[in-house]
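Engineer: Take this structure, written in structure tokens, and hold onto it; I'll ask about it next.
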Amino acid sequence: EIAGITLHFWNGFVMGLEELEPFEYRQIKIDSFAPQLTRLLAICTHLLRYPVGVEDLSPDRLDDIEGIRLYFADTIEDCCRLLGGEVVLRATGDPLQEECRRVASLPPNQQLSDWHGMEAYLYAIQAVSRYTPPDDQRVIPFVMGLIPQLP
């Protein structure tokens with residue numbers, strides 16, 4: 001029930017900002033919320049992580065988790081509409097690079113079991129794909145180079 005209230009608020013907030021006129025005023029308002037929206041991106045990406053022991057969950061529980069992940073992906077996409085794809089791509093891509101460095105520093109026997117963070121960032125980047133600038137030279141090349149290295 002609380003999630004429904006939150007989603008209703010979020011939908012109204014996004015639509016309200018998108019409908020503001022003139023464009024310059026809308027951009028001022030969006031810019032004023034940019035720190036909170038950036039923090040929201042970090043929270044959503046963190047909440048995209050599968051729980052530890054996901055392999056042992058029932059199919060019904062996995063379906064529930066997938067549904068929740070879709071809501072977070074939609075929220076990330078809404079942030080793209082407000083902040084722009086480049087900002088959101090960097091806000092998800094930079095932590096992905098940090099997470100990859102963190103996992104690479106683990107003992108080899110722990111690296112394969114510590115995939116949850118990387119997967120969450122990749123899932124977030126997938127949600128951003130529609131808004132990704134075609135000339136990105138930082139995050140997308142990193143992700144494309146990372147893919148063949150994944151187990």
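Residue numbering restarts at 1 for every chain of the structure tokens, chains are lettered A, B, ... in their displayed order, and ligands are numbered from 1 as they appear.
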Output as number ranges by chain all residues of chain A that backbone DSSP marks as helix (DSSP H, G or I).
Structural biologist: A: 2-19, 23-47, 54-56, 59-83, 85-104, 108-111, 116-131, 139-149
Engineer: List the spatial neighbours of range 31-37 of chain A as a list in words - criterion: any atom at most 9 Å away, only C-alpha atoms, same-chain residues fewer than 4 positions off excluded.
Structural biologist: Arg26, Gln27, Leu41, Ala42, Cys79, Leu82 and Leu83 of chain A
Engineer: Based on the selection just made, write N, CA, C and O atoms of those residues as a short mmCIF file (atom, residue, chain, number, x, y, z; two decimals), in the first residue's frame.
Structural biologist:
data_model
loop_
_atom_site.label_atom_id
_atom_site.label_comp_id
_atom_site.auth_asym_id
_atom_site.auth_seq_id
_atom_site.Cartn_x
_atom_site.Cartn_y
_atom_site.Cartn_z
N ARG A 26 10.85 25.49 -16.16
CA ARG A 26 10.88 24.05 -15.90
C ARG A 26 12.30 23.60 -15.59
O ARG A 26 12.54 22.86 -14.65
N GLN A 27 13.26 24.07 -16.38
CA GLN A 27 14.64 23.66 -16.17
C GLN A 27 15.19 24.17 -14.84
O GLN A 27 15.92 23.46 -14.16
N LEU A 41 18.60 8.20 -7.62
CA LEU A 41 19.23 7.24 -8.54
C LEU A 41 20.11 6.26 -7.76
O LEU A 41 20.07 5.05 -8.02
N ALA A 42 20.89 6.78 -6.85
CA ALA A 42 21.77 5.91 -6.06
C ALA A 42 20.94 4.93 -5.22
O ALA A 42 21.28 3.75 -5.12
N CYS A 79 13.98 9.62 -14.15
CA CYS A 79 15.09 10.52 -13.85
C CYS A 79 15.81 10.94 -15.13
O CYS A 79 16.25 12.08 -15.26
N LEU A 82 13.99 13.73 -16.71
CA LEU A 82 14.15 15.00 -16.02
C LEU A 82 15.58 15.54 -16.11
O LEU A 82 15.79 16.71 -16.41
N LEU A 83 16.56 14.67 -15.84
CA LEU A 83 17.95 15.11 -15.76
C LEU A 83 18.71 14.98 -17.08
O LEU A 83 19.75 15.61 -17.25
#
Engineer: What is the distance, in Å and to one decimal place, between CA of Leu112 in chain A and CA of Cys100 in chain A?
Structural biologist: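 Straight-line distance from CA of Leu112 in chain A to CA of Cys100 in chain A works out to 11.9 Å.
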Engineer: Could you produce a table of the residues of range 62-118 of chain A lying within 7 Å of range 125-137 of chain A, with the nearest pair of atoms per residue and their separation in Å rounded to one decimal, using only C-alpha atoms, ordered by chain and increasing residue number, as JSON lines?
Structural biologist:
{"residue": "A:Ala73", "atom": "CA", "partner": "A:Ala127", "partner_atom": "CA", "distance": 5.5}
{"residue": "A:Ile76", "atom": "CA", "partner": "A:Ala127", "partner_atom": "CA", "distance": 6.8}
{"residue": "A:Glu77", "atom": "CA", "partner": "A:Val128", "partner_atom": "CA", "distance": 5.9}
{"residue": "A:Cys80", "atom": "CA", "partner": "A:Tyr131", "partner_atom": "CA", "distance": 6.6}
{"residue": "A:Gly85", "atom": "CA", "partner": "A:Tyr131", "partner_atom": "CA", "distance": 4.5}
{"residue": "A:Glu86", "atom": "CA", "partner": "A:Pro133", "partner_atom": "CA", "distance": 6.1}
{"residue": "A:Leu89", "atom": "CA", "partner": "A:Ile125", "partner_atom": "CA", "distance": 6.5}
{"residue": "A:Thr92", "atom": "CA", "partner": "A:Ile125", "partner_atom": "CA", "distance": 6.4}
Engineer: Kindly indicate which residue among A:Gln149, A:Thr6, A:His116, A:Arg138 lies nearest to Val54 in chain A, using only C-alpha atoms for the distances.
Structural biologist: A:His116
Engineer: Smallest atom-to-atom distance to Lys29 in chain A: which of A:Val14, A:Ile147, A:Ile43, A:Ala104, using only C-alpha atoms?
Structural biologist: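 Once distances to Lys29 in chain A are computed over only C-alpha atoms, the minimum belongs to A:Val14.
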Engineer: Using only C-alpha atoms, which of the listed residues (A:Leu106, A:Val88, A:Leu150, A:Ile30) sits closest to Phe13 in chain A?
Structural biologist: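 Ranking A:Leu106, A:Val88, A:Leu150, A:Ile30 by distance to Phe13 in chain A, first place goes to A:Ile30.
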Engineer: Nearest to Val87 in chain A among A:Thr38, A:Leu48, A:Gly12, A:Asp64, with distances taken over only C-alpha atoms: which residue is it?
Structural biologist: A:Thr38
Engineer: In Å, with one decimal, what is the gap from CA of Trp115 in chain A to CA of Arg102 in chain A?
Structural biologist: 10.9 Å
